[in-house]
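> After the structure tokens below, expect a handful of questions from me.
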Amino acid sequence: MSSPGRLVAVSNRVGPVRGAAAAGGLAVGLVDALRERGGLWFGWSGRTAPAGRVKLHQEDAEGVRLATLDLTQQDFDGYYCGFCNNCLWPLMHFRIDLMRFERRQLEAYRRVNARFAQSLARLLRAGDLVWVHDYHLIPLAEELRRRRVRQRIGFFLHTPFPPTEILSTLPEHESLIRAFFAYDLVGFQTQEDLVRFQEHVRRACGGTVRGDVVTAFGRELQTGAFPIGIDVDQFHRYAFTAPGNREFARMQSVLRGRDQFIGVDRLDYSKGLLRRMDAFGRYLEDHPKAHGKVILLQVAPVSRGDLTAYRSFRQELDREAARVNGRFASFDWTPVHYLNRALPRRTLAGLYRASRVGIVTPMRDGMNLVAMEYVAAQDPADPGVLVLSRFAGAAQYLREALIVNPYDGEQTAATMHLAREMRIQERRRRHEALMRRLRARDVARWRRDFLAALGEAPAARRGSRKAR
Ligand code: ADP
């Protein structure tokens with residue numbers, strides 16, 4: 001059965017395609033499109049197996065074919081824990097102090113990309129549109145082209161793209177950048193990320209830039225900014241229907257008139273959690289009247305807990321939360337409530353709705369969907385206020401949030417106060433404007449715009465690759 005125009009999504013993690021969990025992260029952007037086009041979703045199975053027993057698993061779920069490959073333990077360690085999360089993740093978030101580069105991990109990264117390409121190439125059909133996601137898979141197109149794959153291949157980077165001075169600290173960065181040029185389209189979250197990529201190609205790779213077309217390594221590449229969004233109406237519904245509205249009511253009865261500030265983040269050093277705790281402590285220091293009347297609920301599920309940088313960061317955060325509580329708590333009030341757990345999305349929606357202020361203060365973030373979810377979950381008649389770091393991609397779009405510099409603890413603390421005291425008219429005005437922005441750039445538009453641009457990637461440029 002040949003079905004031209006099939007969408008093939010490739011990402012490190014695949015699924016889920018069912019249930020409320022599927023409404024989060026990448027799945028929300030992809031599942032509908034995959035269903036519409038009878039698509040294939042390819043990636044890692046989430047399992048490790050001994051070298052001889054590594055398998056390709058295939059199943060159909062809700063009209064989507066899922067194809068996933070096991071990794072050996074050695075590949076998992078080198079590729080995922082090693083090069084992806086100990087080297088590229090900190091690099092992409094401007095944290096070269098945490099970047100650990102080892103050649104054998106880079107080799108594992110290349111090896112896994114080559115193995116993915118080998119399995120995927122066999123599953124592709126003429127006319128497929130291939131959409132590769134995120135920093136785990138930058139070399140995938142190069143490996144596919146090596147295997148004579150001629151279909152259009154697009155890449156979207158979910159993280160920020162760092163400035164050239166930072167990127168150049170990565171040994172062998174040129175080979176990584178060259179790998180982008182095997183794609184037909186490379187998309188970034190924001191215009192700033194796009195410009196940093198173009199600048200890097202110009203300054204470090206001797207390339208040229210004309211509009212959105214970047215030329216280097218003898219090839220032309222179409223680039224663009226495609227800010228990701230959320231499904232606004234669906235998230236709003238979560239907050240106002242069971243079980244989200246039950247969680248909201250339960251939270252309200254627990255709060256008993258106290259105001260809640262909420263933070264929801266993976267436990268990651270890029271999210272600014274330490275400084276956020278510190279700023280909250282300052283806020284309490286500066287506003288004794290808030291004592292007993294405000295709590296900070298921080299939901300931060302452990303992520304990448306096997307990595308040293310994450311373990312020590314978690315210990316620091318535990319200490320910081322304990323410090324603020326030790327300093328300010330009374331027998332009937334604990335200012336910081338800190339959960340290391342993932343919660344169902346509908347529960348989260350209810351908690352956002354019950355929170356007077358949403359605190360989203362990453363030190364650096366590709367976009368940040370939590371900021372958007374917080375806004376979407378609010379009651380338009382009595383909305384909460386979003387405090388947002390200028391270093392989240394979302395700050396480029398959510399202009400009516402209270403924008404802060406998370407490196408400035410005094411300003412962040414003062415803004416927490418401002419947010420809590422904001423009058424209802426202004427809260428409504430800002431919320432209405434933010435909702436308009438969310439709707440104008442929702443996840444359906446992100447997907448449509450990217451796929452339309454990929455479908456239109458100029459044939460001449462794709463043809464010119466055949467010569468290489
Ligand atoms: P990142 O992709 O770096 O984790 P984003 O803010 O862009 O950051 O996306 C995070 C997603 O994970 C959001 O959809 C958010 O709702 C979800 N999430 C974060 N923390 C939790 C949690 N404790 N329980 C469930 N979902 C969570």
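Ligands are numbered from 1 in the order shown, chains are lettered A, B, ... in the order of the structure tokens, and residues start at 1 in each chain.
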Skip Asp442 (chain A) itself and residues of its chain fewer than 2 positions away, then list as a list in words all residues within 8 Å of it, counting only C-alpha atoms.
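Contacts, with the query itself left out: Ile228, Gly229, Ile230, Asp231, Val232, Leu438, Arg439, Ala440, Ala444, Arg445 and Trp446 of chain A.
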> Hey, can you spit out that residue selection with C-alpha atoms as a short mmCIF file (atom, residue, chain, number, x, y, z; two decimals), in the first residue's frame?

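out-v5.cif, freshly written:
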data_model
loop_
_atom_site.label_atom_id
_atom_site.label_comp_id
_atom_site.auth_asym_id
_atom_site.auth_seq_id
_atom_site.Cartn_x
_atom_site.Cartn_y
_atom_site.Cartn_z
CA ILE A 228 5.99 25.78 19.33
CA GLY A 229 2.70 26.25 21.20
CA ILE A 230 0.11 24.24 23.11
CA ASP A 231 -3.44 23.10 22.48
CA VAL A 232 -4.95 26.08 24.29
CA LEU A 438 -1.44 31.63 22.67
CA ARG A 439 -4.27 31.07 20.20
CA ALA A 440 -2.44 32.82 17.39
CA ALA A 444 -1.52 23.19 15.31
CA ARG A 445 -0.05 26.26 13.67
CA TRP A 446 3.49 25.22 14.62
#
> Might you pull out every residue within 10 Å of Asn245 (chain A), with only C-alpha atoms counted and same-chain residues fewer than 6 positions away left off, and present them as a tab-separated table (two decimals) with C-alpha atoms, in the first residue's frame?

chain	number	residue	atom	x	y	z
A	237	ARG	CA	-10.86	22.42	29.44
A	238	TYR	CA	-8.60	20.28	31.63
A	239	ALA	CA	-8.68	22.98	34.30
A	251	MET	CA	-6.45	22.91	46.51
A	346	ARG	CA	-5.35	17.28	34.44
A	347	THR	CA	-4.21	17.55	38.05
A	349	ALA	CA	-4.23	22.10	35.17
A	350	GLY	CA	-6.31	22.30	38.38
A	351	LEU	CA	-3.25	23.34	40.39
A	353	ARG	CA	-5.88	27.36	38.10
A	354	ALA	CA	-5.72	27.48	41.90
> With distances taken over only C-alpha atoms and all ligand atoms, which of A:Ala49, A:Val28, A:Ala61, A:Leu296 is nearest to ligand 1?
A:Val28
> Would you mind listing, for every residue of chain A within 7 Å of ligand 1, the two atoms forming the shortest contact and the distance between them in Å to one decimal, using only C-alpha atoms and all ligand atoms, sorted by chain and ascending residue number, as a Markdown table?

| residue | atom | partner | partner_atom_place_in_ligand_line | distance |
| --- | --- | --- | --- | --- |
| A:Gly24 | CA | ligand 1 | 14 (O) | 4.7 |
| A:Gly25 | CA | ligand 1 | 14 (O) | 4.9 |
| A:Val264 | CA | ligand 1 | 20 (N) | 4.9 |
| A:Asp265 | CA | ligand 1 | 20 (N) | 4.4 |
| A:Arg266 | CA | ligand 1 | 20 (N) | 5.1 |
| A:Val299 | CA | ligand 1 | 23 (N) | 5.1 |
| A:Ala300 | CA | ligand 1 | 23 (N) | 5.2 |
| A:Pro301 | CA | ligand 1 | 23 (N) | 5.0 |
| A:Arg341 | CA | ligand 1 | 23 (N) | 5.3 |
| A:Ala342 | CA | ligand 1 | 24 (N) | 3.3 |
| A:Leu343 | CA | ligand 1 | 24 (N) | 3.7 |
| A:Pro344 | CA | ligand 1 | 25 (C) | 5.5 |
| A:Arg345 | CA | ligand 1 | 25 (C) | 5.6 |
| A:Leu348 | CA | ligand 1 | 25 (C) | 6.7 |
| A:Asp365 | CA | ligand 1 | 3 (O) | 6.8 |
| A:Met367 | CA | ligand 1 | 7 (O) | 5.8 |
| A:Asn368 | CA | ligand 1 | 7 (O) | 3.6 |
| A:Leu369 | CA | ligand 1 | 6 (O) | 3.9 |
| A:Val370 | CA | ligand 1 | 6 (O) | 4.3 |
| A:Ala371 | CA | ligand 1 | 6 (O) | 6.9 |
| A:Glu373 | CA | ligand 1 | 16 (O) | 6.9 |
> As a PyMOL selection string, please: all residues of region 144-362 of chain A that backbone DSSP puts in strand (DSSP E).
chain A and resi 152-156+185-188+208-210+213-216+219-225+259-264+294-299+336-339+357-360
> When you count only C-alpha atoms, which of these residues is closest to Gly29 (chain A): A:Arg150, A:Arg103, A:Arg447, A:Arg429?
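For Gly29 (chain A), the nearest of the given residues is A:Arg447.
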> Between CA of Thr208 (chain A) and CA of Asp184 (chain A), measure the distance and give it in Å to one decimal.
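Atom-to-atom, CA of Thr208 (chain A) to CA of Asp184 (chain A), that is 16.6 Å.
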> Smallest atom-to-atom distance to Pro163 (chain A): which of A:Arg196, A:His136, A:Arg145, A:Arg178, using only C-alpha atoms?
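Once distances to Pro163 (chain A) are computed over only C-alpha atoms, the minimum belongs to A:Arg196.
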> So how far away is CA of Gly305 (chain A) from CA of Leu91 (chain A), in Å?
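About the pair CA of Leu91 (chain A) and CA of Gly305 (chain A): they are 18.7 Å apart.
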> Report the distance between CA of Phe188 (chain A) and CA of Thr164 (chain A) in Å, rounded to one decimal place.
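Going from CA of Phe188 (chain A) over to CA of Thr164 (chain A) covers 15.6 Å.
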> I'd like to know which of A:Glu199, A:Asp268, A:Leu56, A:Arg364 is closest to Asn85 (chain A), using only C-alpha atoms.
A:Asp268
> Counting only C-alpha atoms, which of A:Phe313, A:Trp44, A:Trp333, A:Phe328 gets nearest to Arg115 (chain A)?
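Smallest distance to Arg115 (chain A) is found for A:Trp44.
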> When distances are computed from only C-alpha atoms, which of A:Glu142, A:Glu62, A:Glu426, A:Asp332 shows the smallest separation from Ser175 (chain A)?
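Ranked by minimum distance to Ser175 (chain A), first place goes to A:Glu142.
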> Enumerate as number ranges by chain all residues of region 186-325 of chain A assigned to helix (DSSP H, G or I) by DSSP on the backbone, naming them with the chain letters and numbers the document uses.
A: 191-205, 232-240, 244-255, 269-271, 273-286, 288-290, 308-325
> Could you name the residues that touch Val294 (chain A) at 6 Å or less, counting only C-alpha atoms, but leaving out those on the same chain fewer than 6 positions away, as a ChimeraX atom specification?
/A:258-260
> Mind writing the picked residues with all heavy atoms as an mmCIF file, in the first residue's frame?

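Written output follows (result-v2.cif):
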data_model
loop_
_atom_site.group_PDB
_atom_site.id
_atom_site.type_symbol
_atom_site.label_atom_id
_atom_site.label_comp_id
_atom_site.auth_asym_id
_atom_site.auth_seq_id
_atom_site.Cartn_x
_atom_site.Cartn_y
_atom_site.Cartn_z
ATOM 1 N N ARG A 258 -5.149 31.468 51.430
ATOM 2 C CA ARG A 258 -3.762 31.856 51.161
ATOM 3 C C ARG A 258 -3.538 31.937 49.657
ATOM 4 O O ARG A 258 -4.215 31.273 48.880
ATOM 5 C CB ARG A 258 -2.809 30.795 51.716
ATOM 6 C CG ARG A 258 -2.692 30.865 53.224
ATOM 7 C CD ARG A 258 -1.848 29.724 53.735
ATOM 8 N NE ARG A 258 -1.572 29.934 55.147
ATOM 9 C CZ ARG A 258 -1.362 28.977 56.025
ATOM 10 N NH1 ARG A 258 -1.388 27.716 55.649
ATOM 11 N NH2 ARG A 258 -1.113 29.258 57.280
ATOM 12 N N ASP A 259 -2.573 32.744 49.252
ATOM 13 C CA ASP A 259 -2.238 32.820 47.827
ATOM 14 C C ASP A 259 -1.134 31.823 47.511
ATOM 15 O O ASP A 259 -0.163 31.720 48.257
ATOM 16 C CB ASP A 259 -1.742 34.223 47.471
ATOM 17 C CG ASP A 259 -2.884 35.229 47.451
ATOM 18 O OD1 ASP A 259 -4.040 34.811 47.210
ATOM 19 O OD2 ASP A 259 -2.620 36.427 47.678
ATOM 20 N N GLN A 260 -1.307 31.141 46.393
ATOM 21 C CA GLN A 260 -0.287 30.162 45.994
ATOM 22 C C GLN A 260 0.500 30.662 44.791
ATOM 23 O O GLN A 260 -0.080 31.091 43.795
ATOM 24 C CB GLN A 260 -0.959 28.832 45.667
ATOM 25 C CG GLN A 260 0.022 27.752 45.218
ATOM 26 C CD GLN A 260 -0.592 26.370 45.356
ATOM 27 O OE1 GLN A 260 -0.537 25.740 46.408
ATOM 28 N NE2 GLN A 260 -1.204 25.922 44.286
#
> Which residues, written as an NGL selection string, have at least one atom at most 9 Å from Gly82 (chain A), with only C-alpha atoms counted and residues fewer than 2 positions away on the same chain left out?
:A and (76-80 or 84-88 or 100-102 or 105-106 or 108-109 or 307)
> Write out as an MDAnalysis selection string each polymer residue whose atoms come within 9 Å of Cys205 (chain A), counting only C-alpha atoms; drop sequence neighbours fewer than 5 positions from it.
chainID A and resid 174 177:178 200 216:217
> Could you dump the residues just selected with N, CA and C atoms as a CSV table (one decimal), in the first residue's frame?

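Here's the written file out34.csv:
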chain,number,residue,atom,x,y,z
A,174,GLU,N,32.5,21.6,14.2
A,174,GLU,CA,32.2,21.8,12.8
A,174,GLU,C,31.4,20.6,12.2
A,177,ILE,N,27.8,20.9,13.0
A,177,ILE,CA,27.1,21.9,12.2
A,177,ILE,C,27.0,21.5,10.7
A,178,ARG,N,28.0,20.8,10.2
A,178,ARG,CA,27.9,20.3,8.9
A,178,ARG,C,26.7,19.3,8.7
A,200,HIS,N,26.7,31.7,13.5
A,200,HIS,CA,27.7,30.7,13.6
A,200,HIS,C,28.2,30.2,12.3
A,216,ALA,N,26.7,26.8,3.1
A,216,ALA,CA,28.0,26.4,3.6
A,216,ALA,C,28.2,24.9,3.2
A,217,PHE,N,29.5,24.5,3.3
A,217,PHE,CA,29.9,23.1,3.0
A,217,PHE,C,29.4,22.8,1.6
